[in-house]
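Report on the following structure.
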Amino acid sequence: MRIYPIVVIVMLTIIILPDIFIFIQLKKKNKSTLVQILSFLPAFIFICFLTWLKLGKVNYHEPFQLKLILWLNYAFLLIYIPKLIYVIFYFLNYLINIIFKKKFKIFTRIGLVLGVFVIINLLIGAFYTPYNFQLKKTNVYIKNLPASFDGYKIIQISDIHLGSWHKNYEILEPVIQIINSQNSDIILFSGDLVNNFSEETLGWDKYFKQLKSKSGNFAVLGNHDYGDYSFWVTKKDKKANLDRIKQAIHDFGFKLLLNENKTLYKGSDSISLIGVENWGKPPFPKYGNLNKALVGISDNTVKILITHDPSHWEAEVVGKQNIALSFSGHTHAAQLGVKIGQVLHSPSSFIYKQFDGLYEKNNQFIYVNRGLGYIGLPIRIGVPPEISLITLKKAK
């Protein structure tokens with residue numbers, strides 16, 4: 001896991017400036033020397049944290065260290081984002097007072113209220129929303145869908161990131177209950193089982209094996225499953241890690257589709273399920289080979305594609321391949337969003353045109369699942385983890 005210099009600079013700025021301001025305010029109010037010194041304690045802790053990340057020997061294979069990093073990231077946001085908001089509004093209030101030559105406190109109070117609002121949302125986003133697993137049901141109407149597949153039920157899960165769950169195996173129990181209660185025809189997993197390492201999969205097999213469907217469970221790899229975000233002593237070590245992850249997916253009861261296809265049967269009818277390796281926009285590597293995955297499938301066959309990164313859909317699918325429905329994950333909906341009416345607004349929309357839910361273009365569809373897990377920060381604000389139930393319907 002890399003931490004870039006620009007990230008360090010931004011974080012140091014966010015740390016130092018608000019704490020200097022608070023120190024000056026404490027000094028003006030003649031607070032004790034001890035209180036003034038303690039005001040710099042969070043800054044000292046987080047500067048040490050940044051130094052450790054940048055220069056220390058961090059063992060990302062160690063679950064406790066990963067957990068510590070995630071929660072220190074969270075503590076940083078919890079402490080410094082409200083501080084920064086308050087300082088910005090304080091100076092805005094100061095400028096207003098100079099301009100109008102009157103003493104207003106309205107903007108200072110707004111800054112205080114907004115800071116408290118951020119704290120409340122961060123607390124909910126860390127301790128409630130990530131465990132509030134939601135079932136989202138969607139019907140997709142497909143032309144030329146074989147009659148037997150009218151009403152075909154597909155469960156999709158994505159982006160589990162097992163390493164972020166710190167071997168809290170019981171977290172998966174409500175997910176299993178929700179999925180199995182749907183009596184689906186198939187279960188699809190659209191990638192990112194782990195953050196980086198095969199060790200993250202240990203102990204989870206007995207839980208995944210409880211997932212039930214009528215016709216099988218299928219999976220593809222996501223960008224994190226390849227170990228591309230870690231340093232490896234040799235290429236052999238990296239390959240061995242990937243091989244163990246592939247074996248874990250198999251042991252969990254999934255058929256892993258590596259640029260290949262599988263025929264699905266229902267009654268006397270059939271459709272094709274296609275799975276590609278990760279295909280992503282830079283800096284994400286392109287392992288996917290859609291042409292290879294399509295080999296042996298008739299152009300008239302109704303096709304369903306699992307591809308981790310939704311960027312792949314417009315790049316190689318829409319208007320280029322006769323694929324009726326694609327399933328993706330990857331975006332997490334940025335783990336942050338607000339729903340206004342029926343529209344979800346998320347920072348993810350600045351990067352991905354398709355980032356959450358169902359999209360249609362030229363009678364081709366893609367469903368983007370926001371994922372079950374999290375990475376980077378142990379929070380989800382406004383975008384609870386998702387289990388998708390897609391029901392195929394024959395378009396009239």
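Residue numbering restarts at 1 in every chain; chains get A, B, ... in the order shown in the structure tokens, and ligands count up from 1 in that same order.
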
> Which of range 315-396 of chain A counts as strand (DSSP E or B) under DSSP, as a VMD selection string please?
Replying inline: chain A and resid 325 to 328 336 338 to 340 343 to 345 357 to 361 364 to 368 381 386 to 394

>> Going by DSSP on the backbone, which residues of range 142-319 of chain A come out as alpha helix (DSSP H)? List them as a PyMOL selection string.
In response: chain A and resi 172-180+205-208+235-251+290-293+311-312

> Nearest to Lys209 in chain A: which of A:Asn97, A:Asn180, A:Thr13, A:Gln156 is it, counting only C-alpha atoms?
Replying inline: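 For Lys209 in chain A, the nearest of the candidates is A:Asn180.
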
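Distances to Ala43 in chain A were evaluated for A:Trp165, A:Tyr80, A:Phe89, A:Phe64 using only C-alpha atoms, and the minimum falls at A:Tyr80.
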
>> Can you pull out the residues contacting Lys353 in chain A? Cut-off 12 Å, using only C-alpha atoms, and skip same-chain residues under 6 positions away; I want them as a ChimeraX atom specification.
In response: /A:309-315,331,333,345-347,359-361,366,368

Residue subset to file, keeping N, CA and C atoms, as an mmCIF file, in the first residue's frame:
```cif
data_model
loop_
_atom_site.group_PDB
_atom_site.id
_atom_site.type_symbol
_atom_site.label_atom_id
_atom_site.label_comp_id
_atom_site.auth_asym_id
_atom_site.auth_seq_id
_atom_site.Cartn_x
_atom_site.Cartn_y
_atom_site.Cartn_z
ATOM 1 N N ASP A 309 -15.086 -3.716 -13.206
ATOM 2 C CA ASP A 309 -15.035 -2.262 -13.338
ATOM 3 C C ASP A 309 -16.081 -1.799 -14.354
ATOM 4 N N PRO A 310 -17.024 -0.925 -13.953
ATOM 5 C CA PRO A 310 -18.079 -0.492 -14.883
ATOM 6 C C PRO A 310 -17.561 0.321 -16.058
ATOM 7 N N SER A 311 -16.325 0.812 -15.991
ATOM 8 C CA SER A 311 -15.745 1.532 -17.126
ATOM 9 C C SER A 311 -15.685 0.649 -18.365
ATOM 10 N N HIS A 312 -15.592 -0.654 -18.139
ATOM 11 C CA HIS A 312 -15.484 -1.614 -19.237
ATOM 12 C C HIS A 312 -16.729 -1.589 -20.123
ATOM 13 N N TRP A 313 -17.868 -1.266 -19.525
ATOM 14 C CA TRP A 313 -19.150 -1.358 -20.236
ATOM 15 C C TRP A 313 -19.169 -0.436 -21.450
ATOM 16 N N GLU A 314 -18.902 0.852 -21.258
ATOM 17 C CA GLU A 314 -18.928 1.774 -22.394
ATOM 18 C C GLU A 314 -17.717 1.596 -23.304
ATOM 19 N N ALA A 315 -16.612 1.116 -22.747
ATOM 20 C CA ALA A 315 -15.391 0.979 -23.547
ATOM 21 C C ALA A 315 -15.479 -0.164 -24.550
ATOM 22 N N THR A 331 -16.948 0.590 -7.595
ATOM 23 C CA THR A 331 -17.027 2.010 -7.236
ATOM 24 C C THR A 331 -17.284 2.240 -5.752
ATOM 25 N N ALA A 333 -19.733 3.285 -4.653
ATOM 26 C CA ALA A 333 -20.434 4.578 -4.602
ATOM 27 C C ALA A 333 -19.661 5.548 -3.716
ATOM 28 N N HIS A 345 -26.576 11.143 -5.148
ATOM 29 C CA HIS A 345 -25.468 12.035 -5.485
ATOM 30 C C HIS A 345 -24.240 11.580 -4.703
ATOM 31 N N SER A 346 -23.159 11.317 -5.418
ATOM 32 C CA SER A 346 -21.950 10.769 -4.802
ATOM 33 C C SER A 346 -20.722 11.301 -5.524
ATOM 34 N N PRO A 347 -19.606 11.493 -4.803
ATOM 35 C CA PRO A 347 -18.355 11.877 -5.471
ATOM 36 C C PRO A 347 -17.930 10.878 -6.537
ATOM 37 N N TYR A 359 -28.341 1.033 -15.204
ATOM 38 C CA TYR A 359 -28.207 1.997 -16.292
ATOM 39 C C TYR A 359 -28.548 1.304 -17.609
ATOM 40 N N GLU A 360 -29.068 2.080 -18.553
ATOM 41 C CA GLU A 360 -29.465 1.513 -19.855
ATOM 42 C C GLU A 360 -28.974 2.409 -20.982
ATOM 43 N N LYS A 361 -28.520 1.784 -22.053
ATOM 44 C CA LYS A 361 -28.096 2.514 -23.246
ATOM 45 C C LYS A 361 -28.296 1.613 -24.452
ATOM 46 N N ILE A 366 -26.511 -2.219 -17.583
ATOM 47 C CA ILE A 366 -25.475 -2.570 -16.619
ATOM 48 C C ILE A 366 -26.017 -2.294 -15.232
ATOM 49 N N VAL A 368 -24.626 -1.764 -11.385
ATOM 50 C CA VAL A 368 -23.426 -1.533 -10.582
ATOM 51 C C VAL A 368 -23.780 -1.679 -9.105
#
```

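Distances here use only C-alpha atoms; by that measure, the residue among A:Phe197, A:Ile157, A:Lys262, A:Trp204 closest to Asp237 in chain A is A:Phe197.
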
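Of the residues listed (A:Ala240, A:Leu172, A:Ile390, A:Ile160), A:Ile390 shows the shortest atom-to-atom separation from Ile304 in chain A; distances use only C-alpha atoms.
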